[in-house]
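Asker: Structure: work.cif, mmCIF, C-alpha atoms.
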```
data_coords
#
loop_
_atom_site.label_atom_id
_atom_site.label_comp_id
_atom_site.auth_asym_id
_atom_site.auth_seq_id
_atom_site.Cartn_x
_atom_site.Cartn_y
_atom_site.Cartn_z
CA MET A 1352 -97.49 98.89 43.29
CA ILE A 1353 -96.47 102.46 42.73
CA PRO A 1354 -99.64 104.55 42.21
CA ALA A 1355 -100.18 105.44 38.54
CA ASP A 1356 -100.00 109.19 39.15
CA ILE A 1357 -96.65 108.74 40.88
CA VAL A 1358 -95.33 106.65 37.97
CA GLU A 1359 -96.36 109.43 35.60
CA PHE A 1360 -94.75 112.00 37.87
CA VAL A 1361 -91.46 110.09 38.03
CA HIS A 1362 -91.29 109.94 34.25
CA GLY A 1363 -91.74 113.74 34.25
CA PRO A 1364 -88.94 114.33 33.51
CA GLN A 1365 -87.93 115.65 36.90
CA ILE A 1366 -84.80 116.59 38.76
CA ALA A 1367 -83.79 113.61 40.87
CA LEU A 1368 -81.00 112.89 43.30
CA ILE A 1369 -80.01 109.74 45.12
CA GLY A 1370 -78.79 109.61 48.71
CA THR A 1371 -76.87 106.67 50.13
CA ARG A 1372 -74.52 106.08 53.03
CA GLY A 1373 -71.35 104.14 53.72
CA ALA A 1374 -70.40 101.70 56.44
CA SER A 1375 -69.36 104.57 58.72
CA LEU A 1376 -72.79 106.24 58.22
CA ARG A 1377 -71.30 109.03 56.12
CA PRO A 1378 -73.87 110.01 53.49
CA THR A 1379 -73.35 110.70 49.78
CA SER A 1380 -75.49 112.68 47.34
CA ALA A 1381 -75.38 111.98 43.60
CA ARG A 1382 -77.26 113.32 40.61
CA THR A 1383 -79.28 110.92 38.48
CA VAL A 1384 -79.71 111.20 34.72
CA GLY A 1385 -82.81 109.08 34.22
CA LEU A 1386 -85.63 107.32 36.04
CA ILE A 1387 -87.75 104.42 34.87
CA ALA A 1388 -90.63 103.37 37.13
CA GLY A 1389 -91.47 99.74 36.64
CA PRO A 1390 -95.05 99.09 35.51
CA ALA A 1391 -97.08 97.12 38.03
CA SER A 1392 -94.17 96.87 40.44
CA ASP A 1393 -92.53 98.55 43.41
CA THR A 1394 -89.32 99.38 41.59
CA ILE A 1395 -87.69 102.44 40.09
CA SER A 1396 -84.60 102.04 37.91
CA ILE A 1397 -82.19 104.91 38.56
CA VAL A 1398 -79.57 105.78 35.96
CA VAL A 1399 -76.32 107.12 37.42
CA PRO A 1400 -73.14 107.82 35.41
CA GLU A 1401 -70.16 105.72 36.44
CA ALA A 1402 -68.02 108.86 36.32
CA THR A 1403 -69.80 110.36 39.32
CA GLY A 1404 -71.40 107.36 40.97
CA ALA A 1405 -68.44 105.47 42.42
CA ARG A 1406 -69.24 106.32 46.03
CA THR A 1407 -72.93 105.62 45.50
CA PHE A 1408 -72.24 102.18 44.03
CA GLU A 1409 -69.77 101.40 46.82
CA ASN A 1410 -72.28 102.44 49.49
CA LEU A 1411 -75.01 100.31 47.94
CA THR A 1412 -72.73 97.30 47.78
CA ASN A 1413 -72.12 97.79 51.49
CA ASN A 1414 -75.70 98.18 52.72
CA GLY A 1415 -78.20 98.86 49.94
CA ARG A 1416 -80.17 101.66 51.60
CA ILE A 1417 -81.46 104.34 49.24
CA ALA A 1418 -83.25 107.68 49.53
CA LEU A 1419 -84.36 109.13 46.19
CA ILE A 1420 -85.79 112.62 45.87
CA VAL A 1421 -87.76 113.58 42.77
CA SER A 1422 -88.77 117.20 42.38
CA GLU A 1423 -90.88 119.00 39.80
CA PHE A 1424 -90.46 122.60 38.84
CA PRO A 1425 -91.93 125.14 38.88
CA SER A 1426 -94.63 123.51 41.06
CA HIS A 1427 -92.19 122.28 43.77
CA ARG A 1428 -94.18 119.03 43.96
CA THR A 1429 -91.68 116.64 45.51
CA TYR A 1430 -91.57 113.02 46.65
CA GLN A 1431 -88.93 111.03 48.48
CA PHE A 1432 -88.72 107.29 47.88
CA LYS A 1433 -86.96 105.10 50.40
CA GLY A 1434 -86.03 101.48 50.04
CA THR A 1435 -83.40 98.93 49.15
CA CYS A 1436 -81.14 98.37 46.19
CA LEU A 1437 -82.14 95.16 44.42
CA ASP A 1438 -79.16 95.20 42.08
CA ILE A 1439 -76.83 97.38 40.06
CA GLY A 1440 -76.25 96.60 36.42
CA PRO A 1441 -75.02 98.03 33.14
CA CYS A 1442 -77.25 100.47 31.28
CA SER A 1443 -78.77 98.65 28.31
CA ALA A 1444 -79.23 100.22 24.88
CA ASP A 1445 -82.94 100.65 25.58
CA GLN A 1446 -82.24 102.23 28.95
CA ASN A 1447 -79.67 104.51 27.35
CA ALA A 1448 -82.29 105.62 24.83
CA VAL A 1449 -84.72 106.36 27.65
CA ARG A 1450 -82.02 108.30 29.47
CA ASN A 1451 -81.28 110.37 26.38
CA LEU A 1452 -84.95 111.20 25.89
CA TYR A 1453 -85.33 111.97 29.59
CA LEU A 1454 -82.46 114.45 29.51
CA GLU A 1455 -83.67 116.10 26.29
CA LYS A 1456 -87.11 116.67 27.79
CA LEU A 1457 -85.58 117.88 31.05
CA ASP A 1458 -83.38 120.33 29.19
CA ALA A 1459 -86.39 121.80 27.35
CA ARG A 1460 -88.29 122.13 30.59
CA MET A 1461 -85.43 123.80 32.41
CA ARG A 1462 -85.03 126.31 29.61
CA GLU A 1463 -88.73 127.11 29.80
CA TYR A 1464 -89.16 127.45 33.54
CA LEU A 1465 -85.87 128.11 35.34
CA TRP A 1466 -84.76 131.69 35.72
CA VAL A 1467 -81.13 130.52 35.68
CA LYS A 1468 -80.89 128.72 32.35
CA PRO A 1469 -78.44 125.89 31.69
CA PRO A 1470 -75.55 126.76 29.39
CA ALA A 1471 -75.74 125.83 25.72
CA GLY A 1472 -75.00 122.16 25.14
CA TYR A 1473 -75.51 121.26 28.80
CA ILE A 1474 -77.45 118.08 28.17
CA GLU A 1475 -74.95 116.85 25.60
CA ARG A 1476 -72.34 117.20 28.33
CA LEU A 1477 -74.38 114.93 30.60
CA LEU A 1478 -74.62 112.14 28.05
CA VAL A 1479 -71.49 110.47 29.33
CA ASP A 1480 -71.20 106.73 29.01
CA PRO A 1481 -71.12 104.36 30.63
CA SER A 1482 -73.91 104.67 33.13
CA ARG A 1483 -75.18 102.04 35.54
CA VAL A 1484 -78.72 101.26 36.56
CA ILE A 1485 -79.67 100.90 40.21
CA ARG A 1486 -82.94 99.08 40.83
CA LEU A 1487 -84.65 100.52 43.89
CA ARG A 1488 -87.34 98.51 45.58
CA ILE A 1489 -89.55 101.09 47.27
CA GLU A 1490 -90.65 100.59 50.85
CA THR A 1491 -92.03 104.04 51.65
CA ILE A 1492 -92.95 107.19 49.74
CA PHE A 1493 -93.01 110.60 51.41
CA ASP A 1494 -94.63 113.81 50.26
CA GLN A 1495 -91.86 116.38 50.41
CA THR A 1496 -93.54 119.29 48.70
CA PRO A 1497 -92.65 122.36 50.80
CA GLY A 1498 -95.59 123.15 53.06
CA PRO A 1499 -97.70 121.67 55.85
CA ASN A 1500 -97.72 118.10 54.47
CA ALA A 1501 -93.97 117.87 53.96
CA GLY A 1502 -92.61 114.66 55.44
CA GLN A 1503 -95.93 112.83 55.50
CA PRO A 1504 -95.87 109.24 54.18
CA LEU A 1505 -98.18 108.39 51.29
CA PRO A 1506 -100.60 105.46 51.66
CA PHE A 1507 -98.28 103.12 49.75
CA LYS A 1508 -98.02 99.41 50.52
CA PRO A 1509 -95.24 97.40 48.90
CA SER A 1510 -96.54 94.36 47.05
CA GLY A 1511 -93.66 92.22 48.29
CA GLY A 1512 -91.95 91.52 44.97
CA PRO A 1513 -89.76 93.45 42.52
CA MET B 1088 -64.13 111.64 36.30
CA LYS B 1089 -63.83 113.57 39.50
CA MET B 1090 -61.25 115.94 40.81
CA ALA B 1091 -60.67 116.09 44.51
CA VAL B 1092 -59.45 119.35 45.92
CA ARG B 1093 -58.37 120.11 49.45
CA ALA B 1094 -61.04 121.04 51.94
CA GLN B 1095 -60.73 124.76 51.44
CA ILE B 1096 -63.48 126.47 49.48
CA PRO B 1097 -61.94 127.46 46.15
CA GLU B 1098 -62.69 130.78 44.48
CA MET B 1099 -64.29 129.00 41.52
CA LEU B 1100 -66.97 127.55 43.83
CA MET B 1101 -68.14 130.92 45.19
CA PRO B 1102 -70.88 131.56 42.59
CA ALA B 1103 -72.48 128.26 43.60
CA LEU B 1104 -72.89 129.64 47.13
CA GLN B 1105 -75.20 132.45 46.07
CA GLY B 1106 -78.42 130.42 46.25
CA MET B 1107 -79.29 130.91 42.59
CA LEU B 1108 -80.02 127.20 42.08
CA PRO B 1109 -81.27 124.85 44.81
CA ALA B 1110 -78.78 122.51 46.42
CA ASN B 1111 -79.32 119.01 47.75
CA ILE B 1112 -78.46 117.54 51.14
CA THR B 1113 -78.21 113.91 52.20
CA THR B 1114 -78.08 112.96 55.86
CA CYS B 1115 -78.12 109.63 57.69
CA SER B 1116 -79.75 108.56 60.94
CA LEU B 1117 -77.85 106.60 63.55
CA ALA B 1118 -79.96 103.62 62.52
CA GLY B 1119 -78.38 103.88 59.06
CA GLU B 1120 -81.29 105.28 57.07
CA PRO B 1121 -80.28 107.94 54.50
CA ASN B 1122 -82.52 110.92 53.84
CA THR B 1123 -82.21 113.37 50.99
CA THR B 1124 -83.91 116.67 50.27
CA GLU B 1125 -83.57 120.04 48.61
CA LEU B 1126 -81.70 122.79 50.37
CA SER B 1127 -82.42 126.46 49.79
CA GLN B 1128 -79.18 128.01 50.87
CA VAL B 1129 -75.50 127.14 51.29
CA TYR B 1130 -73.76 130.22 52.65
CA TYR B 1131 -70.04 130.98 52.65
CA VAL B 1132 -68.80 131.60 56.20
CA ASP B 1133 -65.04 131.36 55.65
CA ASP B 1134 -62.64 129.24 53.60
CA HIS B 1135 -63.31 126.17 55.76
CA HIS B 1136 -66.93 126.61 56.84
CA VAL B 1137 -70.37 127.03 55.30
CA ALA B 1138 -73.77 127.60 56.85
CA LEU B 1139 -76.91 125.77 55.74
CA SER B 1140 -80.40 127.14 56.14
CA PHE B 1141 -82.37 125.30 58.82
CA GLN B 1142 -86.00 126.00 57.91
CA PHE B 1143 -88.13 123.09 59.13
CA PHE B 1144 -88.03 120.66 62.04
CA ASN B 1145 -87.79 117.67 59.78
CA LYS B 1146 -85.94 114.41 59.25
CA THR B 1147 -82.86 116.24 58.02
CA ILE B 1148 -82.49 118.15 61.26
CA ARG B 1149 -83.20 115.10 63.40
CA ASN B 1150 -80.55 113.14 61.52
CA VAL B 1151 -77.95 115.91 61.79
CA ARG B 1152 -78.46 116.12 65.55
CA GLU B 1153 -77.79 112.35 65.72
CA ASN B 1154 -75.05 112.10 63.10
CA PRO B 1155 -73.22 115.31 62.14
CA TYR B 1156 -71.97 114.19 58.73
CA VAL B 1157 -73.81 115.39 55.60
CA SER B 1158 -73.26 115.42 51.85
CA VAL B 1159 -74.25 118.51 49.85
CA LEU B 1160 -74.53 118.79 46.08
CA LEU B 1161 -74.23 122.22 44.48
CA ILE B 1162 -74.68 123.50 40.93
CA HIS B 1163 -72.51 126.32 39.63
CA PRO B 1164 -74.98 128.83 38.13
CA GLU B 1165 -72.76 129.78 35.17
CA ASN B 1166 -71.34 126.51 33.83
CA TRP B 1167 -73.64 124.16 35.78
CA ASP B 1168 -70.73 122.11 37.07
CA ASN B 1169 -71.73 119.87 39.98
CA TRP B 1170 -69.80 120.09 43.22
CA ARG B 1171 -70.09 117.73 46.18
CA LEU B 1172 -69.21 118.86 49.70
CA ASP B 1173 -68.70 116.55 52.67
CA LEU B 1174 -69.54 118.51 55.80
CA ARG B 1175 -69.65 118.09 59.56
CA TYR B 1176 -72.15 119.98 61.70
CA ILE B 1177 -70.60 122.32 64.26
CA ARG B 1178 -73.27 124.62 65.73
CA SER B 1179 -76.46 126.58 65.11
CA GLU B 1180 -76.66 130.37 65.18
CA THR B 1181 -79.87 132.33 65.70
CA SER B 1182 -78.55 135.85 65.95
CA ALA B 1183 -76.76 138.51 63.92
CA PRO B 1184 -74.81 138.84 61.81
CA LEU B 1185 -74.83 135.39 60.16
CA PHE B 1186 -78.47 134.62 60.87
CA ASP B 1187 -79.69 138.03 59.71
CA ASP B 1188 -77.75 137.89 56.47
CA MET B 1189 -79.00 134.38 55.66
CA ASP B 1190 -82.54 135.34 56.63
CA MET B 1191 -82.47 138.27 54.22
CA LYS B 1192 -81.13 136.08 51.39
CA LEU B 1193 -83.70 133.39 52.11
CA GLU B 1194 -86.44 136.01 51.72
CA VAL B 1195 -85.06 136.82 48.29
CA ILE B 1196 -84.83 133.12 47.32
CA ALA B 1197 -88.38 132.51 48.56
CA SER B 1198 -89.67 135.44 46.56
CA MET B 1199 -87.92 134.28 43.38
CA THR B 1200 -89.11 130.68 43.71
CA GLY B 1201 -92.71 131.30 44.73
CA MET B 1202 -92.10 130.12 48.29
CA LYS B 1203 -92.74 133.39 50.12
CA GLY B 1204 -94.49 132.68 53.42
CA ILE B 1205 -93.35 129.03 53.40
CA PHE B 1206 -89.60 129.45 53.80
CA LYS B 1207 -88.69 130.66 57.28
CA LEU B 1208 -85.19 130.54 58.70
CA ARG B 1209 -85.05 128.95 62.13
CA ALA B 1210 -81.28 128.82 62.43
CA ALA B 1211 -78.06 129.16 60.48
CA ASP B 1212 -76.36 125.79 60.90
CA VAL B 1213 -72.59 126.07 60.60
CA TYR B 1214 -70.62 123.15 59.15
CA GLU B 1215 -66.92 122.39 58.74
CA VAL B 1216 -65.95 121.53 55.17
CA LEU B 1217 -64.26 118.12 55.18
CA ALA B 1218 -63.93 117.48 51.45
CA ILE B 1219 -64.83 119.11 48.14
CA GLU B 1220 -65.20 117.32 44.82
CA LEU B 1221 -65.83 118.69 41.37
CA LEU B 1222 -68.00 116.02 39.78
CA ASN B 1223 -66.66 116.30 36.31
CA ASP B 1224 -69.19 114.09 34.57
CA GLN B 1225 -69.57 116.32 31.58
CA ARG B 1226 -67.92 116.29 28.19
CA ARG B 1227 -65.76 119.33 27.48
#
```
When written as C-alpha cells, how does the structure in this file appear?

Answerer:
Amino acid sequence: MIPADIVEFVHGPQIALIGTRGASLRPTSARTVGLIAGPASDTISIVVPEATGARTFENLTNNGRIALIVSEFPSHRTYQFKGTCLDIGPCSADQNAVRNLYLEKLDARMREYLWVKPPAGYIERLLVDPSRVIRLRIETIFDQTPGPNAGQPLPFKPSGGP
Amino acid sequence: MKMAVRAQIPEMLMPALQGMLPANITTCSLAGEPNTTELSQVYYVDDHHVALSFQFFNKTIRNVRENPYVSVLLIHPENWDNWRLDLRYIRSETSAPLFDDMDMKLEVIASMTGMKGIFKLRAADVYEVLAIELLNDQRR
C-alpha cells in the first residue's frame, strides 16, 4: 500500500506531470490536472485532459509504462512514482468534482507561494472537458527532492493487487 | 486542442526560455523505462537548438546517454500556456560562452528558488529541436 503520508502528499494539491514513451522509445511529457491516491491500494488515478493527452494515451496503449512526478512548492519535496497503466477510462462526475477542487486549491497555493503568479482565470481555463483517468499501479517510489537523497527508492513494497 | 508548429523556435516561445518557471523533462532508457523530473533551465541557443542544464549525475543523464530523445514541457511565464518540445541530444559543453552564461543564470534561479548551494551546473547539454507543440488545453 502507498504509505499514508505519501497519500496525503499526493492529494496536496501538487504540481504533477506524467511521462510515458512510445514504441520507438520516444518519450512524452504531459501535465496532469488531478490525482487521486487509492485508499489501501497501490494505485493513483491520474486525470489528464483529452485535449493534451493524445500522445500519452497512445503510448500507454502501446506499452503501459508510466513515470509520474509530484512536486510540492515551496518546499521542493518531490516524489517520482513508476509503474504500469492498469486502464484508461472516462472521468466520472465524482472524479471531475475532485479535479475541480484539486485545481482550485492548487490555484490558491500558487498565488500564495509562486513569485510568478498565474494569470487571472488560469484555473478556469484548465477546466476543459472531457478528461480521462489513467490508473497507475505503482511499483516503485523514488525520493526526488533536490539534494543528497535525490533518486533514492523509498521502502515501498507493492501489495500485488490494484 | 494542440497546434503543431515547425521545429523552429518561435518568437512567442522566448519568454518561456528565461527560467522563470521550472520546466519538466521526460527521458527513456533503452530498456523502455520512462523517467520524468523537473528541469531548472531551458536555454535558447539558436532557432533550432536549446541547451538544458545538466546538474546531477542521475537517471535523466544516464537515459540521455543511452537514448538521445527527450520531451520537455515549458510554461510561458505571462499567459501560462504550455509548450511541449521534442528534442534530440547533440553534445555537452563545459566551457564559455554557453556554459558560463547558463551557470550565471542557474545561480540566479537557485537563489530565487531557495536552492543555492544545491544547484550546480556540470554541463550545458545542447539539443536539436525536432518538434514544438502549443498544448492549447485552455479555454479562451

Asker: Please build the interface table for chain A against chain B with a cut-off of 8 Å, listing for each qualifying residue the nearest atom pair and the distance in Å to one decimal; count only C-alpha atoms, order rows by chain and increasing number, and write it as CSV.

Answerer:
```
residue,atom,partner,partner_atom,distance
A:Leu1368,CA,B:Asn1111,CA,7.8
A:Ile1369,CA,B:Thr1123,CA,7.2
A:Gly1370,CA,B:Thr1113,CA,5.6
A:Thr1371,CA,B:Pro1121,CA,5.7
A:Arg1372,CA,B:Pro1121,CA,6.2
A:Leu1376,CA,B:Gly1119,CA,6.1
A:Arg1377,CA,B:Tyr1156,CA,5.8
A:Pro1378,CA,B:Thr1114,CA,5.7
A:Thr1379,CA,B:Ser1158,CA,5.2
A:Ser1380,CA,B:Thr1113,CA,5.7
A:Ala1381,CA,B:Leu1160,CA,7.3
A:Pro1400,CA,B:Asp1224,CA,7.5
A:Ala1402,CA,B:Met1088,CA,4.8
A:Thr1403,CA,B:Leu1222,CA,6.0
A:Arg1416,CA,B:Glu1120,CA,6.7
A:Ile1417,CA,B:Pro1121,CA,6.5
A:Ala1418,CA,B:Asn1122,CA,5.4
A:Leu1419,CA,B:Thr1123,CA,6.8
A:Ile1420,CA,B:Thr1124,CA,6.3
A:Pro1425,CA,B:Thr1200,CA,7.9
A:Gln1431,CA,B:Thr1123,CA,7.5
A:Val1467,CA,B:Pro1164,CA,6.8
A:Pro1469,CA,B:Trp1167,CA,6.5
A:Pro1470,CA,B:Asn1166,CA,6.1
A:Tyr1473,CA,B:Trp1167,CA,7.8
A:Glu1475,CA,B:Arg1226,CA,7.5
A:Arg1476,CA,B:Gln1225,CA,4.4
A:Leu1477,CA,B:Gln1225,CA,5.1
A:Leu1478,CA,B:Gln1225,CA,7.4
A:Val1479,CA,B:Gln1225,CA,6.6
A:Gln1495,CA,B:Thr1124,CA,8.0
A:Pro1497,CA,B:Ile1205,CA,7.2
A:Gly1498,CA,B:Ile1205,CA,6.3
A:Gly1502,CA,B:Asn1145,CA,7.2
```

Asker: Find, counting only C-alpha atoms, the residue in B:Glu1194, B:Ser1182, B:Asp1212, B:Asp1133 that gets nearest to Thr1147 (chain B).

Answerer: B:Asp1212

Asker: For a test of reading the model, state the distance in Å between CA of Asn1451 (chain A) and CA of Leu1161 (chain B), rounded to one decimal.

Answerer: 22.8 Å

Asker: Could you tell me which residues the PyMOL selection byres ((chain A and resi 1424) around 8) grabs in this file, written as a list in words?

Answerer: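 Matching residues under the PyMOL selection byres ((chain A and resi 1424) around 8) are Gln1365, Ser1422, Glu1423, Pro1425, Ser1426, His1427, Arg1428, Tyr1464 and Leu1465 of chain A.
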
Asker: Name the residues that the PyMOL selection byres ((chain B and resi 1142) around 9) picks from the file above, as a VMD selection string, using the file's chain letters and numbers.

Answerer: chain B and resid 1127 1140 to 1141 1143 to 1145 1206 to 1211

Asker: With distances taken over only C-alpha atoms, which residue among A:Trp1466, A:Ser1392, A:Ile1387, A:Lys1456 lies nearest Pro1354 (chain A)?

Answerer: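 Closest candidate: A:Ser1392.
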